[in-house]
Amino acid sequence: MSHFPIFLKLQDQPCLVVGGGDVAARKTLQLLKSGAKVTLLAPKINEVLTTLLQERRISYLQQIYEETSIAGMSLVIAATNDSAVNKLIAQHAKAEKILINVVDNPDAGSFIMPSVIDRSPVMIAVSTGGSSPVLARLLRSRLEALIPSNYGKLAGLISRFRQRVKGHFPNIKERRRFWEHILQGPVAEMLYAGQEQRAMHLLEKQLTGESPSVDSSGEVYLVGGGPGDPDLLTFRALRLMQQADVVLYDRLVAPGIVELVRKDAERIYVGKERDRHALPQDQINQLLVDLAKQGKRVLRLKGGDPFIFGRGGEEIDLLSENNIPFQIVPGITAASGCASYAGIPLTHRDFAQSCLFITGHLKDGTMNLNWPALVQPQQTLAVYMGTHGIEILSRELIKHGLSQNTPAAIVQQGTTSEQRTYTTILKNLPDIPKQYEIKPPSMIIIGDVVSLHKKLAWFESN
Ligand code: SAH
């Protein structure tokens, strides 16, 4: 071990930062976070430091470094752009037994600063012994992705309930099991989702035994899985996918995403409307309730975003009636995914000031849409479920006043390796599915922004 890891208490401690540039500013900000009293020494300071000075958050010595400058300091950071000066500061500080960090020369100082994952009061510090800050930063970003941003709130919850839990479970093993369950179950999830009051309420119930048994408290996560590319999942979606006991998914969820579900979780395929093996919506709703009542952590995985043409509202309705805790995790909706991956900005200063998400789903052979609202100028239309009614769509839009020459595109299986973008004009839109075999799912985008595809396409190889 080249460095001994410690966490230093710097509240109200006098600290000196020598240097007035970006690095000095960064270090100053870090020190301020820990409550240190920072003095900055430099002939000139940058904008960030000037602002800190104006806000009276730091003291400033406008001068060049002298040996006496470090007197009385608990800690010094040498961050000038002159390595000889930095070295000199280190020598002086070491002689005075003052903690010293040299930004461009870790070996010259007495301590180095780690990459930090801050979930205060939980802190994770990563160090490579000064050998590779890039590696430390990479590792840090991996851990950042893994640990929910509200993780620190768990620590607060534990300290608030510690005494009572101790009283309730005098046996240390039982106590540990209780906390393990709390920290990995619905209470923790509620905290991560920012529902502190509910989390405390549930913890209270589990402690007093009002919630029948700790293990019978199931919950449901309604999770948006995005349009197809697994990289577009949110951190939260992935985390919940890896801890769910059972996952319900349908045809719209890409196989690469289903694969990321915890290996030993039960997977239930519930199909999709056009599918003969589909489970009717009310049965899906009921299944979610039944599984949660068995104490399971149930994840309902939806394509795109659960609240955009995803019937998410219906699915959670019954949960709420049954008092089953649930949370909803947004996903990247198909319009957004397809547009980005096809190089078609949905809005653009020169072409479109608004964008409508509409469904082209046919009901009794017709499309019941507010046509006059759809044919407004400078507007993009993103049409979900539109392929079957593509003729009606094209005809009605033209009939209601949209130019027949308006650029239009079909994006097939957007964001996946099978993505294909076909562009044309509104009048000829219905010809595309006749000419090419369009594989579902596909999205129709109509509007002048489509003309940008030629220039901005970046994802498809052909
Ligand atoms: N909740 C989903 C939409 C469900 S409706 C979301 O937010 O994306 C289903 C329709 O979404 C499909 O008929 C298709 O029009 C569109 N869609 C979903 N994924 C798609 C993809 N990868 N590429 C193109 N269109 C997609």
# chains A, B, ... in the order shown; residues from 1 in each chain; ligands from 1

$ residues_near_ligand --ligand "ligand 1" --cutoff "6 Å" --atoms "only C-alpha atoms and all ligand atoms" --output "list in words"
Pro227, Gly228, Gly303, Gly304, Asp305, Pro306, Ile308, Phe309, Gly310, Thr333, Ala334, Cys338, Tyr384, Met385, Val411, Gln412, Gln413, Gly414, Thr415, Pro441, Ser442 and Met443 of chain A

$ write_last_selection --atoms "C-alpha atoms" --output "compact mmCIF listing (two decimals), in the first residue's frame"
# COMPACT_ATOMS: atom_id res chain seq x y z
CA PRO A 227 -36.37 1.95 -27.93
CA GLY A 228 -33.94 -0.94 -28.33
CA GLY A 303 -40.62 -0.51 -24.63
CA GLY A 304 -39.73 3.18 -24.77
CA ASP A 305 -41.38 5.21 -22.05
CA PRO A 306 -44.20 3.66 -20.01
CA ILE A 308 -46.10 7.41 -23.88
CA PHE A 309 -48.56 5.15 -25.68
CA GLY A 310 -47.53 2.50 -23.17
CA THR A 333 -39.35 7.08 -26.08
CA ALA A 334 -39.23 5.75 -29.65
CA CYS A 338 -35.41 7.10 -33.68
CA TYR A 384 -46.36 5.82 -33.36
CA MET A 385 -48.13 2.68 -34.62
CA VAL A 411 -37.49 4.66 -39.24
CA GLN A 412 -37.53 0.91 -38.89
CA GLN A 413 -36.33 -0.69 -35.62
CA GLY A 414 -34.70 2.51 -34.49
CA THR A 415 -31.52 2.43 -32.36
CA PRO A 441 -41.56 -1.62 -34.90
CA SER A 442 -41.33 1.48 -37.02
CA MET A 443 -41.89 5.17 -36.52

$ select_by_dssp --residues "range 27-156 of chain A" --states "strand (DSSP E)" --output "tab-separated table (two decimals) with N, CA, C and O atoms, in the first residue's frame"
chain	number	residue	atom	x	y	z
A	37	LYS	N	-11.71	26.32	5.98
A	37	LYS	CA	-11.55	27.77	5.81
A	37	LYS	C	-10.41	27.95	4.82
A	37	LYS	O	-9.24	27.76	5.17
A	38	VAL	N	-10.75	28.34	3.61
A	38	VAL	CA	-9.72	28.35	2.57
A	38	VAL	C	-9.14	29.76	2.37
A	38	VAL	O	-9.88	30.73	2.22
A	39	THR	N	-7.80	29.80	2.37
A	39	THR	CA	-7.11	31.02	1.96
A	39	THR	C	-6.47	30.73	0.62
A	39	THR	O	-5.86	29.67	0.44
A	40	LEU	N	-6.63	31.65	-0.31
A	40	LEU	CA	-6.03	31.45	-1.61
A	40	LEU	C	-4.90	32.43	-1.81
A	40	LEU	O	-5.05	33.62	-1.53
A	41	LEU	N	-3.78	31.91	-2.28
A	41	LEU	CA	-2.63	32.79	-2.47
A	41	LEU	C	-2.20	32.73	-3.93
A	41	LEU	O	-1.90	31.66	-4.46
A	59	SER	N	-10.69	33.55	1.64
A	59	SER	CA	-9.86	34.73	1.87
A	59	SER	C	-8.81	34.75	0.76
A	59	SER	O	-8.45	33.70	0.23
A	60	TYR	N	-8.29	35.94	0.48
A	60	TYR	CA	-7.38	36.04	-0.66
A	60	TYR	C	-6.12	36.81	-0.29
A	60	TYR	O	-6.20	37.93	0.24
A	61	LEU	N	-4.98	36.21	-0.54
A	61	LEU	CA	-3.70	36.92	-0.41
A	61	LEU	C	-3.16	37.15	-1.81
A	61	LEU	O	-2.74	36.20	-2.47
A	75	LEU	N	-3.39	22.38	6.24
A	75	LEU	CA	-3.22	21.66	4.98
A	75	LEU	C	-2.93	22.66	3.86
A	75	LEU	O	-3.47	23.76	3.87
A	76	VAL	N	-2.05	22.25	2.96
A	76	VAL	CA	-1.68	23.14	1.85
A	76	VAL	C	-1.80	22.38	0.53
A	76	VAL	O	-1.46	21.20	0.45
A	77	ILE	N	-2.32	23.06	-0.48
A	77	ILE	CA	-2.33	22.48	-1.82
A	77	ILE	C	-1.51	23.39	-2.73
A	77	ILE	O	-1.81	24.59	-2.85
A	78	ALA	N	-0.47	22.82	-3.34
A	78	ALA	CA	0.37	23.60	-4.23
A	78	ALA	C	-0.15	23.38	-5.65
A	78	ALA	O	-0.02	22.31	-6.22
A	99	LEU	N	0.19	18.99	6.21
A	99	LEU	CA	-0.23	18.11	5.09
A	99	LEU	C	-0.11	18.88	3.78
A	99	LEU	O	-0.59	20.01	3.67
A	100	ILE	N	0.50	18.25	2.78
A	100	ILE	CA	0.73	18.97	1.52
A	100	ILE	C	0.42	18.08	0.32
A	100	ILE	O	0.83	16.94	0.24
A	101	ASN	N	-0.33	18.66	-0.62
A	101	ASN	CA	-0.60	17.99	-1.89
A	101	ASN	C	-0.04	18.84	-3.02
A	101	ASN	O	-0.25	20.05	-3.04
A	102	VAL	N	0.72	18.17	-3.91
A	102	VAL	CA	1.27	18.90	-5.05
A	102	VAL	C	0.56	18.39	-6.30
A	102	VAL	O	0.65	17.22	-6.63
A	115	SER	N	-10.28	10.21	-6.49
A	115	SER	CA	-11.55	10.47	-7.18
A	115	SER	C	-12.65	10.10	-6.21
A	115	SER	O	-12.57	9.06	-5.56
A	116	VAL	N	-13.67	10.93	-6.13
A	116	VAL	CA	-14.65	10.72	-5.08
A	116	VAL	C	-16.05	10.49	-5.64
A	116	VAL	O	-16.47	11.19	-6.56
A	117	ILE	N	-16.72	9.49	-5.09
A	117	ILE	CA	-18.15	9.31	-5.37
A	117	ILE	C	-18.85	9.81	-4.12
A	117	ILE	O	-18.77	9.19	-3.06
A	118	ASP	N	-19.52	10.94	-4.27
A	118	ASP	CA	-20.07	11.61	-3.10
A	118	ASP	C	-21.55	11.29	-2.94
A	118	ASP	O	-22.38	11.75	-3.71
A	119	ARG	N	-21.85	10.46	-1.96
A	119	ARG	CA	-23.25	10.20	-1.59
A	119	ARG	C	-23.38	10.54	-0.12
A	119	ARG	O	-23.77	9.73	0.70
A	122	VAL	N	-22.26	9.05	2.85
A	122	VAL	CA	-21.47	7.94	2.33
A	122	VAL	C	-20.48	8.48	1.29
A	122	VAL	O	-20.88	9.19	0.37
A	123	MET	N	-19.21	8.17	1.47
A	123	MET	CA	-18.20	8.63	0.52
A	123	MET	C	-17.39	7.43	0.05
A	123	MET	O	-16.98	6.61	0.86
A	124	ILE	N	-17.14	7.38	-1.24
A	124	ILE	CA	-16.27	6.34	-1.76
A	124	ILE	C	-15.10	7.05	-2.44
A	124	ILE	O	-15.31	7.93	-3.28
A	125	ALA	N	-13.91	6.68	-2.06
A	125	ALA	CA	-12.74	7.35	-2.63
A	125	ALA	C	-11.93	6.33	-3.41
A	125	ALA	O	-11.72	5.21	-2.96
A	126	VAL	N	-11.52	6.71	-4.61
A	126	VAL	CA	-10.76	5.80	-5.46
A	126	VAL	C	-9.38	6.39	-5.71
A	126	VAL	O	-9.25	7.54	-6.10

$ residues_around --residues "Ala254 in chain A" --least-positions-apart "2" --cutoff "10 Å" --atoms "only C-alpha atoms" --output "list of chain:residue names"
A:Gly225, A:Gly226, A:Pro227, A:Gly228, A:Asp229, A:Pro230, A:Tyr249, A:Asp250, A:Arg251, A:Leu252, A:Gly256, A:Ile257, A:Val258, A:Glu259, A:Lys302, A:Gly303, A:Gln413, A:Thr416

$ closest_residue --among "A:Lys97, A:Arg395, A:Arg56, A:His3" --to "Gly72 in chain A" --atoms "only C-alpha atoms"
A:Lys97

$ residues_around --residues "Ile344 in chain A" --least-positions-apart "3" --cutoff "10 Å" --atoms "only C-alpha atoms" --output "ChimeraX atom specification"
/A:336,338-341,347-348,409,445,447-457

$ select_by_dssp --residues "range 54-116 of chain A" --states "helix (DSSP H, G or I)" --output "list of chain:residue names"
A:Gln54, A:Glu67, A:Thr68, A:Ser69, A:Ile70, A:Ser83, A:Ala84, A:Val85, A:Asn86, A:Lys87, A:Leu88, A:Ile89, A:Ala90, A:Gln91, A:His92, A:Ala93, A:Lys94, A:Ala95, A:Pro106, A:Asp107, A:Ala108

$ residues_around --residues "Arg262 in chain A" --least-positions-apart "4" --cutoff "7 Å" --atoms "only C-alpha atoms" --output "ChimeraX atom specification"
/A:241-243

$ write_last_selection --atoms "N, CA and C atoms" --output "PDB file, in the first residue's frame"
ATOM      1  N   MET A 241     -33.769  -3.847 -12.812  1.00  0.00           N
ATOM      2  CA  MET A 241     -33.803  -5.083 -13.598  1.00  0.00           C
ATOM      3  C   MET A 241     -32.926  -6.159 -12.968  1.00  0.00           C
ATOM      4  N   GLN A 242     -31.898  -5.695 -12.269  1.00  0.00           N
ATOM      5  CA  GLN A 242     -30.983  -6.672 -11.697  1.00  0.00           C
ATOM      6  C   GLN A 242     -31.383  -7.107 -10.293  1.00  0.00           C
ATOM      7  N   GLN A 243     -32.468  -6.548  -9.781  1.00  0.00           N
ATOM      8  CA  GLN A 243     -32.877  -7.026  -8.466  1.00  0.00           C
ATOM      9  C   GLN A 243     -34.318  -7.511  -8.424  1.00  0.00           C
TER      10      GLN A 243
END

$ closest_residue --among "A:Cys355, A:Arg160, A:Ile410, A:Ile444" --to "Val383 in chain A" --atoms "only C-alpha atoms"
A:Ile444

$ atom_distance --atom1 "CA of Asn81 in chain A" --atom2 "CA of Pro43 in chain A"
12.4 Å

$ closest_residue --among "A:Tyr192, A:Tyr422, A:Trp179, A:Phe4" --to "Asn150 in chain A" --atoms "only C-alpha atoms"
A:Tyr192

$ closest_residue --among "A:Pro280, A:Pro440, A:Pro114, A:Pro345" --to "Glu315 in chain A" --atoms "only C-alpha atoms"
A:Pro280

$ closest_residue --among "A:Leu356, A:Asn428, A:Met113, A:Leu362" --to "Gln404 in chain A" --atoms "only C-alpha atoms"
A:Asn428

$ residues_around --residues "range 62-71 of chain A" --least-positions-apart "5" --cutoff "8 Å" --atoms "only C-alpha atoms" --output "list in words"
Leu16, Val18, Leu41, Ala42, Pro43, Lys44, Val76, Ile89, His92 and Ala93 of chain A
